[in-house]
$ cat coords-v8.txt   # compact mmCIF, N, CA and C atoms and all ligand atoms
# COMPACT_ATOMS: atom_id res chain seq x y z
N MET D 5 146.44 -11.51 9.66
CA MET D 5 145.07 -12.02 9.60
C MET D 5 144.34 -11.35 8.42
N PRO D 6 143.71 -12.15 7.58
CA PRO D 6 143.03 -11.54 6.41
C PRO D 6 141.83 -10.70 6.85
N ASP D 7 141.65 -9.62 6.14
CA ASP D 7 140.50 -8.77 6.47
C ASP D 7 139.26 -9.35 5.78
N LEU D 8 138.52 -10.14 6.55
CA LEU D 8 137.38 -10.86 5.98
C LEU D 8 136.27 -9.92 5.51
N PHE D 9 136.12 -8.82 6.23
CA PHE D 9 135.07 -7.86 5.84
C PHE D 9 135.39 -7.23 4.48
N ALA D 10 136.66 -6.83 4.33
CA ALA D 10 137.06 -6.21 3.06
C ALA D 10 136.94 -7.22 1.92
N GLU D 11 137.29 -8.45 2.22
CA GLU D 11 137.20 -9.50 1.21
C GLU D 11 135.75 -9.72 0.77
N LYS D 12 134.87 -9.68 1.74
CA LYS D 12 133.43 -9.85 1.46
C LYS D 12 132.92 -8.69 0.61
N LEU D 13 133.36 -7.47 0.97
CA LEU D 13 132.95 -6.30 0.20
C LEU D 13 133.42 -6.38 -1.25
N ARG D 14 134.66 -6.84 -1.42
CA ARG D 14 135.21 -6.98 -2.78
C ARG D 14 134.39 -7.99 -3.58
N LYS D 15 134.01 -9.07 -2.91
CA LYS D 15 133.22 -10.10 -3.58
C LYS D 15 131.85 -9.53 -3.99
N CYS D 16 131.26 -8.75 -3.11
CA CYS D 16 129.96 -8.12 -3.42
C CYS D 16 130.11 -7.18 -4.62
N ALA D 17 131.16 -6.37 -4.58
CA ALA D 17 131.38 -5.41 -5.68
C ALA D 17 131.55 -6.14 -7.00
N LYS D 18 132.25 -7.26 -6.96
CA LYS D 18 132.49 -8.06 -8.16
C LYS D 18 131.15 -8.60 -8.72
N ILE D 19 130.31 -9.06 -7.82
CA ILE D 19 129.00 -9.58 -8.24
C ILE D 19 128.17 -8.46 -8.87
N VAL D 20 128.19 -7.28 -8.23
CA VAL D 20 127.41 -6.14 -8.77
C VAL D 20 127.89 -5.80 -10.18
N LEU D 21 129.20 -5.76 -10.34
CA LEU D 21 129.76 -5.40 -11.64
C LEU D 21 129.52 -6.46 -12.70
N GLU D 22 129.81 -7.71 -12.32
CA GLU D 22 129.78 -8.77 -13.33
C GLU D 22 128.39 -9.32 -13.63
N GLU D 23 127.52 -9.31 -12.62
CA GLU D 23 126.21 -9.93 -12.85
C GLU D 23 125.07 -8.93 -12.99
N PHE D 24 125.33 -7.68 -12.56
CA PHE D 24 124.24 -6.70 -12.61
C PHE D 24 124.65 -5.40 -13.30
N ASP D 25 125.70 -5.46 -14.09
CA ASP D 25 126.17 -4.28 -14.83
C ASP D 25 126.39 -3.06 -13.93
N GLY D 26 126.74 -3.32 -12.70
CA GLY D 26 127.07 -2.21 -11.80
C GLY D 26 125.87 -1.47 -11.22
N ASP D 27 124.66 -2.00 -11.41
CA ASP D 27 123.48 -1.28 -10.93
C ASP D 27 122.44 -2.27 -10.39
N LEU D 28 122.18 -2.18 -9.07
CA LEU D 28 121.22 -3.11 -8.47
C LEU D 28 119.78 -2.57 -8.50
N ARG D 29 119.62 -1.30 -8.84
CA ARG D 29 118.28 -0.70 -8.74
C ARG D 29 117.20 -1.42 -9.55
N PRO D 30 117.51 -1.93 -10.74
CA PRO D 30 116.45 -2.61 -11.50
C PRO D 30 115.84 -3.82 -10.76
N ILE D 31 116.60 -4.41 -9.85
CA ILE D 31 116.09 -5.59 -9.13
C ILE D 31 114.76 -5.29 -8.44
N ALA D 32 114.62 -4.08 -7.94
CA ALA D 32 113.40 -3.71 -7.21
C ALA D 32 112.16 -3.77 -8.09
N LYS D 33 112.35 -3.81 -9.41
CA LYS D 33 111.19 -3.85 -10.31
C LYS D 33 110.97 -5.25 -10.89
N TRP D 34 111.85 -6.16 -10.57
CA TRP D 34 111.70 -7.53 -11.08
C TRP D 34 110.60 -8.24 -10.29
N PRO D 35 110.07 -9.35 -10.85
CA PRO D 35 109.12 -10.16 -10.08
C PRO D 35 109.78 -10.65 -8.79
N PHE D 36 108.97 -10.78 -7.75
CA PHE D 36 109.51 -11.08 -6.42
C PHE D 36 110.46 -12.30 -6.39
N PRO D 37 110.10 -13.46 -6.96
CA PRO D 37 111.01 -14.61 -6.87
C PRO D 37 112.35 -14.35 -7.55
N LYS D 38 112.30 -13.64 -8.69
CA LYS D 38 113.54 -13.35 -9.43
C LYS D 38 114.41 -12.36 -8.64
N ALA D 39 113.78 -11.37 -8.05
CA ALA D 39 114.52 -10.37 -7.26
C ALA D 39 115.16 -11.02 -6.05
N LYS D 40 114.40 -11.89 -5.41
CA LYS D 40 114.90 -12.58 -4.21
C LYS D 40 116.10 -13.46 -4.56
N LYS D 41 115.98 -14.18 -5.64
CA LYS D 41 117.06 -15.06 -6.09
C LYS D 41 118.33 -14.25 -6.42
N ALA D 42 118.13 -13.11 -7.04
CA ALA D 42 119.27 -12.26 -7.40
C ALA D 42 120.04 -11.82 -6.16
N LEU D 43 119.31 -11.40 -5.13
CA LEU D 43 119.98 -10.92 -3.91
C LEU D 43 120.70 -12.04 -3.17
N GLN D 44 120.20 -13.25 -3.34
CA GLN D 44 120.83 -14.40 -2.68
C GLN D 44 122.18 -14.79 -3.30
N LYS D 45 122.54 -14.13 -4.38
CA LYS D 45 123.86 -14.37 -4.97
C LYS D 45 124.96 -13.76 -4.10
N PHE D 46 124.58 -12.82 -3.23
CA PHE D 46 125.58 -12.14 -2.41
C PHE D 46 125.92 -12.98 -1.18
N PRO D 47 127.19 -12.91 -0.77
CA PRO D 47 127.62 -13.73 0.37
C PRO D 47 126.85 -13.38 1.65
N GLY D 48 126.38 -14.41 2.32
CA GLY D 48 125.69 -14.21 3.60
C GLY D 48 124.23 -13.82 3.47
N ILE D 49 123.72 -13.72 2.26
CA ILE D 49 122.30 -13.36 2.08
C ILE D 49 121.50 -14.61 1.73
N GLY D 50 120.64 -15.01 2.66
CA GLY D 50 119.75 -16.13 2.40
C GLY D 50 118.37 -15.60 2.03
N GLY D 51 117.39 -16.50 1.99
CA GLY D 51 116.03 -16.09 1.62
C GLY D 51 115.48 -14.99 2.53
N PRO D 52 115.53 -15.20 3.87
CA PRO D 52 114.99 -14.15 4.76
C PRO D 52 115.72 -12.82 4.62
N GLY D 53 117.04 -12.87 4.42
CA GLY D 53 117.82 -11.64 4.25
C GLY D 53 117.44 -10.91 2.98
N ALA D 54 117.22 -11.67 1.92
CA ALA D 54 116.81 -11.06 0.65
C ALA D 54 115.43 -10.41 0.79
N GLU D 55 114.54 -11.09 1.49
CA GLU D 55 113.20 -10.52 1.71
C GLU D 55 113.29 -9.24 2.52
N LYS D 56 114.17 -9.25 3.51
CA LYS D 56 114.33 -8.05 4.34
C LYS D 56 114.80 -6.86 3.48
N ILE D 57 115.75 -7.10 2.63
CA ILE D 57 116.24 -6.02 1.75
C ILE D 57 115.09 -5.49 0.89
N LEU D 58 114.32 -6.40 0.33
CA LEU D 58 113.25 -5.99 -0.59
C LEU D 58 112.15 -5.20 0.13
N VAL D 59 111.83 -5.60 1.34
CA VAL D 59 110.78 -4.85 2.06
C VAL D 59 111.34 -3.53 2.60
N PHE D 60 112.57 -3.52 3.05
CA PHE D 60 113.14 -2.29 3.60
C PHE D 60 113.39 -1.24 2.51
N CYS D 61 113.60 -1.67 1.29
CA CYS D 61 113.77 -0.64 0.25
C CYS D 61 112.44 -0.35 -0.45
N GLY D 62 111.36 -0.87 0.11
CA GLY D 62 110.03 -0.51 -0.39
C GLY D 62 109.64 -1.19 -1.69
N ALA D 63 110.35 -2.25 -2.05
CA ALA D 63 110.08 -2.90 -3.33
C ALA D 63 108.93 -3.92 -3.25
N TYR D 64 108.90 -4.73 -2.18
CA TYR D 64 107.87 -5.77 -2.08
C TYR D 64 107.35 -5.89 -0.66
N PRO D 65 106.03 -5.89 -0.50
CA PRO D 65 105.47 -6.01 0.84
C PRO D 65 105.46 -7.47 1.30
N VAL D 66 106.43 -7.82 2.10
CA VAL D 66 106.52 -9.20 2.58
C VAL D 66 106.91 -9.17 4.06
N LEU D 67 106.33 -10.10 4.83
CA LEU D 67 106.69 -10.17 6.24
C LEU D 67 108.01 -10.94 6.36
N ALA D 68 109.10 -10.18 6.41
CA ALA D 68 110.43 -10.79 6.54
C ALA D 68 110.76 -10.90 8.03
N MET D 69 111.33 -12.02 8.42
CA MET D 69 111.67 -12.22 9.84
C MET D 69 113.10 -12.71 9.96
N GLU D 70 113.77 -12.26 11.01
CA GLU D 70 115.03 -12.91 11.36
C GLU D 70 114.70 -13.86 12.51
N SER D 71 115.71 -14.50 13.08
CA SER D 71 115.43 -15.60 14.01
C SER D 71 114.65 -15.18 15.25
N ASN D 72 114.88 -13.96 15.75
CA ASN D 72 114.14 -13.53 16.95
C ASN D 72 112.66 -13.36 16.65
N GLY D 73 112.37 -12.69 15.55
CA GLY D 73 110.98 -12.46 15.18
C GLY D 73 110.25 -13.77 14.89
N LEU D 74 110.95 -14.66 14.24
CA LEU D 74 110.34 -15.96 13.95
C LEU D 74 109.99 -16.70 15.25
N ARG D 75 110.91 -16.65 16.21
CA ARG D 75 110.66 -17.33 17.50
C ARG D 75 109.44 -16.74 18.21
N VAL D 76 109.31 -15.43 18.19
CA VAL D 76 108.16 -14.78 18.84
C VAL D 76 106.85 -15.28 18.22
N LEU D 77 106.79 -15.25 16.90
CA LEU D 77 105.54 -15.64 16.23
C LEU D 77 105.25 -17.13 16.41
N LEU D 78 106.31 -17.93 16.46
CA LEU D 78 106.12 -19.37 16.72
C LEU D 78 105.52 -19.58 18.10
N ARG D 79 106.10 -18.90 19.09
CA ARG D 79 105.62 -19.07 20.46
C ARG D 79 104.19 -18.56 20.63
N LEU D 80 103.89 -17.50 19.91
CA LEU D 80 102.52 -16.98 19.99
C LEU D 80 101.52 -17.99 19.42
N GLY D 81 102.00 -18.88 18.56
CA GLY D 81 101.14 -19.94 18.05
C GLY D 81 100.74 -19.82 16.60
N PHE D 82 101.48 -19.03 15.83
CA PHE D 82 101.13 -18.88 14.41
C PHE D 82 101.37 -20.15 13.61
N ALA D 83 102.28 -21.00 14.07
CA ALA D 83 102.51 -22.29 13.38
C ALA D 83 103.27 -23.21 14.33
N LYS D 84 103.36 -24.45 13.93
CA LYS D 84 104.15 -25.43 14.71
C LYS D 84 105.55 -25.48 14.10
N GLU D 85 106.53 -25.66 14.97
CA GLU D 85 107.91 -25.75 14.49
C GLU D 85 108.08 -27.01 13.64
N GLN D 86 108.76 -26.85 12.52
CA GLN D 86 109.01 -27.97 11.60
C GLN D 86 110.46 -28.45 11.77
N LYS D 87 110.80 -29.54 11.05
CA LYS D 87 112.15 -30.09 11.19
C LYS D 87 113.22 -29.14 10.69
N ASN D 88 112.92 -28.36 9.67
CA ASN D 88 113.94 -27.42 9.22
C ASN D 88 113.45 -25.97 9.28
N TYR D 89 114.43 -25.09 9.40
CA TYR D 89 114.18 -23.66 9.61
C TYR D 89 113.34 -23.07 8.48
N SER D 90 113.69 -23.46 7.27
CA SER D 90 113.02 -22.89 6.11
C SER D 90 111.53 -23.23 6.09
N ALA D 91 111.21 -24.48 6.41
CA ALA D 91 109.80 -24.89 6.42
C ALA D 91 109.05 -24.14 7.52
N THR D 92 109.68 -24.01 8.68
CA THR D 92 109.05 -23.27 9.79
C THR D 92 108.82 -21.82 9.37
N TYR D 93 109.84 -21.23 8.79
CA TYR D 93 109.78 -19.82 8.36
C TYR D 93 108.59 -19.59 7.42
N HIS D 94 108.47 -20.46 6.45
CA HIS D 94 107.40 -20.25 5.46
C HIS D 94 106.01 -20.47 6.04
N LEU D 95 105.90 -21.42 6.96
CA LEU D 95 104.59 -21.63 7.60
C LEU D 95 104.18 -20.41 8.43
N VAL D 96 105.14 -19.90 9.22
CA VAL D 96 104.85 -18.72 10.06
C VAL D 96 104.54 -17.52 9.18
N GLN D 97 105.32 -17.35 8.13
CA GLN D 97 105.13 -16.22 7.23
C GLN D 97 103.74 -16.26 6.59
N LYS D 98 103.33 -17.44 6.20
CA LYS D 98 102.02 -17.59 5.57
C LYS D 98 100.91 -17.24 6.58
N ALA D 99 101.04 -17.78 7.79
CA ALA D 99 100.00 -17.57 8.80
C ALA D 99 99.96 -16.12 9.28
N ALA D 100 101.11 -15.55 9.58
CA ALA D 100 101.14 -14.19 10.15
C ALA D 100 101.10 -13.12 9.06
N GLY D 101 101.61 -13.47 7.90
CA GLY D 101 101.71 -12.48 6.83
C GLY D 101 100.37 -11.99 6.34
N GLU D 102 99.35 -12.85 6.42
CA GLU D 102 98.03 -12.46 5.92
C GLU D 102 97.46 -11.25 6.64
N GLY D 103 97.75 -11.16 7.93
CA GLY D 103 97.22 -10.03 8.71
C GLY D 103 98.21 -8.90 8.88
N ALA D 104 99.35 -9.00 8.24
CA ALA D 104 100.41 -8.02 8.48
C ALA D 104 100.34 -6.80 7.56
N GLY D 105 99.40 -6.81 6.64
CA GLY D 105 99.24 -5.64 5.76
C GLY D 105 100.15 -5.68 4.55
N THR D 106 100.05 -4.63 3.75
CA THR D 106 100.80 -4.59 2.49
C THR D 106 101.64 -3.32 2.35
N ASP D 107 101.81 -2.63 3.46
CA ASP D 107 102.60 -1.41 3.43
C ASP D 107 104.05 -1.73 3.81
N CYS D 108 104.97 -1.47 2.89
CA CYS D 108 106.37 -1.86 3.14
C CYS D 108 106.95 -1.20 4.39
N ALA D 109 106.62 0.07 4.62
CA ALA D 109 107.18 0.75 5.79
C ALA D 109 106.67 0.11 7.07
N GLU D 110 105.38 -0.25 7.09
CA GLU D 110 104.83 -0.90 8.29
C GLU D 110 105.41 -2.30 8.47
N LEU D 111 105.59 -3.01 7.37
CA LEU D 111 106.17 -4.36 7.46
C LEU D 111 107.63 -4.30 7.94
N ALA D 112 108.35 -3.27 7.52
CA ALA D 112 109.72 -3.11 7.99
C ALA D 112 109.73 -2.82 9.49
N GLN D 113 108.77 -2.01 9.92
CA GLN D 113 108.68 -1.70 11.35
C GLN D 113 108.30 -2.95 12.14
N THR D 114 107.40 -3.73 11.58
CA THR D 114 107.01 -5.00 12.23
C THR D 114 108.23 -5.89 12.40
N HIS D 115 109.04 -5.97 11.37
CA HIS D 115 110.28 -6.77 11.44
C HIS D 115 111.14 -6.31 12.62
N MET D 116 111.33 -4.99 12.73
CA MET D 116 112.20 -4.46 13.78
C MET D 116 111.59 -4.68 15.17
N LEU D 117 110.27 -4.51 15.28
CA LEU D 117 109.64 -4.68 16.59
C LEU D 117 109.67 -6.15 17.04
N LEU D 118 109.44 -7.05 16.10
CA LEU D 118 109.50 -8.47 16.45
C LEU D 118 110.91 -8.86 16.88
N ARG D 119 111.89 -8.33 16.16
CA ARG D 119 113.28 -8.60 16.50
C ARG D 119 113.60 -8.11 17.92
N ARG D 120 113.18 -6.90 18.19
CA ARG D 120 113.45 -6.32 19.51
C ARG D 120 112.73 -7.11 20.60
N HIS D 121 111.49 -7.49 20.34
CA HIS D 121 110.74 -8.26 21.33
C HIS D 121 111.46 -9.59 21.63
N GLY D 122 111.94 -10.22 20.57
CA GLY D 122 112.65 -11.49 20.74
C GLY D 122 113.99 -11.33 21.45
N GLN D 123 114.62 -10.21 21.25
CA GLN D 123 115.93 -9.98 21.90
C GLN D 123 115.77 -9.59 23.37
N GLU D 124 114.71 -8.82 23.66
CA GLU D 124 114.61 -8.26 25.01
C GLU D 124 113.71 -9.05 25.96
N LEU D 125 112.60 -9.60 25.46
CA LEU D 125 111.68 -10.31 26.35
C LEU D 125 111.52 -11.79 25.97
N CYS D 126 111.25 -12.03 24.72
CA CYS D 126 110.99 -13.41 24.28
C CYS D 126 112.31 -14.07 23.87
N LYS D 127 113.24 -14.09 24.83
CA LYS D 127 114.58 -14.61 24.54
C LYS D 127 114.55 -16.12 24.32
N ARG D 128 115.56 -16.61 23.64
CA ARG D 128 115.58 -18.03 23.29
C ARG D 128 115.46 -18.90 24.54
N SER D 129 116.32 -18.64 25.51
CA SER D 129 116.15 -19.37 26.76
C SER D 129 115.60 -18.39 27.79
N GLU D 130 114.72 -18.84 28.59
CA GLU D 130 114.09 -18.04 29.65
C GLU D 130 113.40 -16.77 29.15
N PRO D 131 112.34 -16.92 28.36
CA PRO D 131 111.56 -15.73 27.97
C PRO D 131 110.92 -15.11 29.21
N ASP D 132 110.86 -13.79 29.22
CA ASP D 132 110.35 -13.07 30.39
C ASP D 132 108.84 -12.84 30.24
N CYS D 133 108.08 -13.93 30.31
CA CYS D 133 106.63 -13.86 30.05
C CYS D 133 105.90 -12.99 31.06
N GLY D 134 106.44 -12.90 32.27
CA GLY D 134 105.79 -12.09 33.31
C GLY D 134 105.71 -10.62 32.92
N LYS D 135 106.61 -10.16 32.08
CA LYS D 135 106.62 -8.75 31.68
C LYS D 135 106.02 -8.55 30.29
N CYS D 136 105.58 -9.61 29.66
CA CYS D 136 105.19 -9.53 28.25
C CYS D 136 103.73 -9.10 28.06
N PRO D 137 103.49 -8.06 27.27
CA PRO D 137 102.11 -7.62 27.04
C PRO D 137 101.30 -8.59 26.18
N LEU D 138 101.97 -9.58 25.62
CA LEU D 138 101.28 -10.53 24.74
C LEU D 138 100.93 -11.83 25.47
N ALA D 139 101.26 -11.90 26.75
CA ALA D 139 101.15 -13.16 27.49
C ALA D 139 99.75 -13.78 27.42
N ASN D 140 98.71 -12.95 27.49
CA ASN D 140 97.34 -13.51 27.50
C ASN D 140 96.98 -14.21 26.20
N ASP D 141 97.67 -13.87 25.13
CA ASP D 141 97.36 -14.47 23.82
C ASP D 141 98.45 -15.42 23.35
N CYS D 142 99.32 -15.81 24.25
CA CYS D 142 100.48 -16.60 23.83
C CYS D 142 100.33 -18.08 24.16
N GLU D 143 100.42 -18.89 23.13
CA GLU D 143 100.27 -20.34 23.28
C GLU D 143 101.39 -20.92 24.16
N PHE D 144 102.61 -20.49 23.91
CA PHE D 144 103.77 -20.97 24.66
C PHE D 144 103.61 -20.66 26.14
N CYS D 145 103.21 -19.45 26.45
CA CYS D 145 103.05 -19.01 27.83
C CYS D 145 101.97 -19.83 28.53
N ARG D 146 100.86 -20.05 27.86
CA ARG D 146 99.76 -20.86 28.45
C ARG D 146 100.24 -22.26 28.74
N ARG D 147 100.99 -22.83 27.79
CA ARG D 147 101.48 -24.20 27.92
C ARG D 147 102.48 -24.31 29.08
N GLU D 148 103.40 -23.37 29.15
CA GLU D 148 104.46 -23.42 30.15
C GLU D 148 103.96 -23.13 31.56
N ASN D 149 102.98 -22.23 31.62
CA ASN D 149 102.55 -21.78 32.96
C ASN D 149 101.18 -22.35 33.36
N GLY D 150 100.72 -23.30 32.58
CA GLY D 150 99.45 -23.95 32.92
C GLY D 150 98.32 -23.04 32.55
S1 LIG D 201 104.39 -14.44 26.62
FE1 LIG D 201 106.50 -15.19 26.76
S2 LIG D 201 106.70 -16.69 25.13
FE2 LIG D 201 104.90 -15.47 24.69
S3 LIG D 201 105.58 -13.83 23.34
FE3 LIG D 201 105.68 -13.06 25.42
S4 LIG D 201 107.75 -13.46 26.13
FE4 LIG D 201 107.40 -14.72 24.30
$ encode --input "coords-v8.txt" --output "structure tokens"
Amino acid sequence: MPDLFAEKLRKCAKIVLEEFDGDLRPIAKWPFPKAKKALQKFPGIGGPGAEKILVFCGAYPVLAMESNGLRVLLRLGFAKEQKNYSATYHLVQKAAGEGAGTDCAELAQTHMLLRRHGQELCKRSEPDCGKCPLANDCEFCRRENG
């Protein structure tokens, strides 16, 4: 069986060497769209993943979300779900991002807390609204429970 992880690592190393002269650090100083696009050259890194890298390394203050965090903010009512993931992501990011601050460390923590909330309470099926401290302000909860 081929070692897919090792293969992926080799591919990443090749990209770093051939497209970035062996050094990714300058990316953190590039304009945000260019930096994001550069990171998306790596296998498995999409727009949200690239944003996560940039905020976690302190380069750009952006509210990056993975699927759990996005679901939490959608249910709370920050935006309506759109036909595609990307459109939904950008609407939620625009609505919630304005109040999320500009401190990269805090935004990274927000990412982790939203993820944890989505994994532990606001699960995809059967969210545990009875235990949720956000229930009083949650659009989904009001709708589901009258
Ligand atoms: S009240 Fe329910 S739906 Fe709303 S955020 Fe909490 S767990 Fe999710």
$ atom_distance --input "coords-v8.txt" --atom1 "CA of Leu13 in chain D" --atom2 "atom C of Phe36 in chain D"
24.2 Å
$ closest_residue --input "coords-v8.txt" --among "D:Ala112, D:Leu138, D:Leu118, D:Ala63" --to "ligand LIG 201 (chain D)" --atoms "all atoms listed in the file"
D:Leu138
$ closest_residue --input "coords-v8.txt" --among "D:Ser71, D:Gly50, D:Glu148, D:Leu28" --to "Asp132 in chain D" --atoms "only C-alpha atoms"
D:Glu148
$ atom_distance --input "coords-v8.txt" --atom1 "atom C of Leu80 in chain D" --atom2 "atom C of Glu143 in chain D"
5.6 Å
$ residues_near_ligand --input "coords-v8.txt" --ligand "ligand LIG 201 (chain D)" --cutoff "8 Å" --atoms "only N, CA and C atoms and all ligand atoms" --output "PyMOL selection string"
chain D and resi 75-81+121-122+124-127+130-146
$ write_last_selection --input "coords-v8.txt" --atoms "N, CA and C atoms" --output "CSV table (one decimal), in the frame of the given file"
chain,number,residue,atom,x,y,z
D,75,ARG,N,110.9,-16.6,16.2
D,75,ARG,CA,110.7,-17.3,17.5
D,75,ARG,C,109.4,-16.7,18.2
D,76,VAL,N,109.3,-15.4,18.2
D,76,VAL,CA,108.2,-14.8,18.8
D,76,VAL,C,106.8,-15.3,18.2
D,77,LEU,N,106.8,-15.2,16.9
D,77,LEU,CA,105.5,-15.6,16.2
D,77,LEU,C,105.2,-17.1,16.4
D,78,LEU,N,106.3,-17.9,16.5
D,78,LEU,CA,106.1,-19.4,16.7
D,78,LEU,C,105.5,-19.6,18.1
D,79,ARG,N,106.1,-18.9,19.1
D,79,ARG,CA,105.6,-19.1,20.5
D,79,ARG,C,104.2,-18.6,20.6
D,80,LEU,N,103.9,-17.5,19.9
D,80,LEU,CA,102.5,-17.0,20.0
D,80,LEU,C,101.5,-18.0,19.4
D,81,GLY,N,102.0,-18.9,18.6
D,81,GLY,CA,101.1,-19.9,18.0
D,81,GLY,C,100.7,-19.8,16.6
D,121,HIS,N,111.5,-7.5,20.3
D,121,HIS,CA,110.7,-8.3,21.3
D,121,HIS,C,111.5,-9.6,21.6
D,122,GLY,N,111.9,-10.2,20.6
D,122,GLY,CA,112.6,-11.5,20.7
D,122,GLY,C,114.0,-11.3,21.4
D,124,GLU,N,114.7,-8.8,23.7
D,124,GLU,CA,114.6,-8.3,25.0
D,124,GLU,C,113.7,-9.0,26.0
D,125,LEU,N,112.6,-9.6,25.5
D,125,LEU,CA,111.7,-10.3,26.4
D,125,LEU,C,111.5,-11.8,26.0
D,126,CYS,N,111.2,-12.0,24.7
D,126,CYS,CA,111.0,-13.4,24.3
D,126,CYS,C,112.3,-14.1,23.9
D,127,LYS,N,113.2,-14.1,24.8
D,127,LYS,CA,114.6,-14.6,24.5
D,127,LYS,C,114.6,-16.1,24.3
D,130,GLU,N,114.7,-18.8,28.6
D,130,GLU,CA,114.1,-18.0,29.6
D,130,GLU,C,113.4,-16.8,29.2
D,131,PRO,N,112.3,-16.9,28.4
D,131,PRO,CA,111.6,-15.7,28.0
D,131,PRO,C,110.9,-15.1,29.2
D,132,ASP,N,110.9,-13.8,29.2
D,132,ASP,CA,110.4,-13.1,30.4
D,132,ASP,C,108.8,-12.8,30.2
D,133,CYS,N,108.1,-13.9,30.3
D,133,CYS,CA,106.6,-13.9,30.0
D,133,CYS,C,105.9,-13.0,31.1
D,134,GLY,N,106.4,-12.9,32.3
D,134,GLY,CA,105.8,-12.1,33.3
D,134,GLY,C,105.7,-10.6,32.9
D,135,LYS,N,106.6,-10.2,32.1
D,135,LYS,CA,106.6,-8.8,31.7
D,135,LYS,C,106.0,-8.6,30.3
D,136,CYS,N,105.6,-9.6,29.7
D,136,CYS,CA,105.2,-9.5,28.2
D,136,CYS,C,103.7,-9.1,28.1
D,137,PRO,N,103.5,-8.1,27.3
D,137,PRO,CA,102.1,-7.6,27.0
D,137,PRO,C,101.3,-8.6,26.2
D,138,LEU,N,102.0,-9.6,25.6
D,138,LEU,CA,101.3,-10.5,24.7
D,138,LEU,C,100.9,-11.8,25.5
D,139,ALA,N,101.3,-11.9,26.8
D,139,ALA,CA,101.2,-13.2,27.5
D,139,ALA,C,99.8,-13.8,27.4
D,140,ASN,N,98.7,-13.0,27.5
D,140,ASN,CA,97.3,-13.5,27.5
D,140,ASN,C,97.0,-14.2,26.2
D,141,ASP,N,97.7,-13.9,25.1
D,141,ASP,CA,97.4,-14.5,23.8
D,141,ASP,C,98.4,-15.4,23.4
D,142,CYS,N,99.3,-15.8,24.2
D,142,CYS,CA,100.5,-16.6,23.8
D,142,CYS,C,100.3,-18.1,24.2
D,143,GLU,N,100.4,-18.9,23.1
D,143,GLU,CA,100.3,-20.3,23.3
D,143,GLU,C,101.4,-20.9,24.2
D,144,PHE,N,102.6,-20.5,23.9
D,144,PHE,CA,103.8,-21.0,24.7
D,144,PHE,C,103.6,-20.7,26.1
D,145,CYS,N,103.2,-19.4,26.4
D,145,CYS,CA,103.0,-19.0,27.8
D,145,CYS,C,102.0,-19.8,28.5
D,146,ARG,N,100.9,-20.0,27.9
D,146,ARG,CA,99.8,-20.9,28.4
D,146,ARG,C,100.2,-22.3,28.7
$ atom_distance --input "coords-v8.txt" --atom1 "atom N of Pro52 in chain D" --atom2 "atom N of Ala109 in chain D"
17.7 Å
$ residues_around --input "coords-v8.txt" --residues "Glu70 in chain D" --least-positions-apart "2" --cutoff "7 Å" --atoms "all atoms listed in the file" --output "PDB file with N, CA and C atoms, keeping the file's coordinate frame"
ATOM      1  N   PRO D  52     115.530 -15.200   3.870  1.00  0.00           N
ATOM      2  CA  PRO D  52     114.990 -14.150   4.760  1.00  0.00           C
ATOM      3  C   PRO D  52     115.720 -12.820   4.620  1.00  0.00           C
ATOM      4  N   ALA D  68     109.100 -10.180   6.410  1.00  0.00           N
ATOM      5  CA  ALA D  68     110.430 -10.790   6.540  1.00  0.00           C
ATOM      6  C   ALA D  68     110.760 -10.900   8.030  1.00  0.00           C
ATOM      7  N   ASN D  72     114.880 -13.960  15.750  1.00  0.00           N
ATOM      8  CA  ASN D  72     114.140 -13.530  16.950  1.00  0.00           C
ATOM      9  C   ASN D  72     112.660 -13.360  16.650  1.00  0.00           C
ATOM     10  N   GLY D  73     112.370 -12.690  15.550  1.00  0.00           N
ATOM     11  CA  GLY D  73     110.980 -12.460  15.180  1.00  0.00           C
ATOM     12  C   GLY D  73     110.250 -13.770  14.890  1.00  0.00           C
ATOM     13  N   LEU D  74     110.950 -14.660  14.240  1.00  0.00           N
ATOM     14  CA  LEU D  74     110.340 -15.960  13.950  1.00  0.00           C
ATOM     15  C   LEU D  74     109.990 -16.700  15.250  1.00  0.00           C
ATOM     16  N   ARG D  75     110.910 -16.650  16.210  1.00  0.00           N
ATOM     17  CA  ARG D  75     110.660 -17.330  17.500  1.00  0.00           C
ATOM     18  C   ARG D  75     109.440 -16.740  18.210  1.00  0.00           C
ATOM     19  N   HIS D 115     109.040  -5.970  11.370  1.00  0.00           N
ATOM     20  CA  HIS D 115     110.280  -6.770  11.440  1.00  0.00           C
ATOM     21  C   HIS D 115     111.140  -6.310  12.620  1.00  0.00           C
ATOM     22  N   ARG D 119     111.890  -8.330  16.160  1.00  0.00           N
ATOM     23  CA  ARG D 119     113.280  -8.600  16.500  1.00  0.00           C
ATOM     24  C   ARG D 119     113.600  -8.110  17.920  1.00  0.00           C
TER      25      ARG D 119
END
$ select_by_dssp --input "coords-v8.txt" --residues "range 36-84 of chain D" --states "alpha helix (DSSP H)" --output "JSON, numbers by chain"
{"D": [36, 37, 38, 39, 40, 41, 42, 43, 51, 52, 53, 54, 55, 56, 57, 58, 59, 60, 71, 72, 73, 74, 75, 76, 77, 78, 79, 80]}
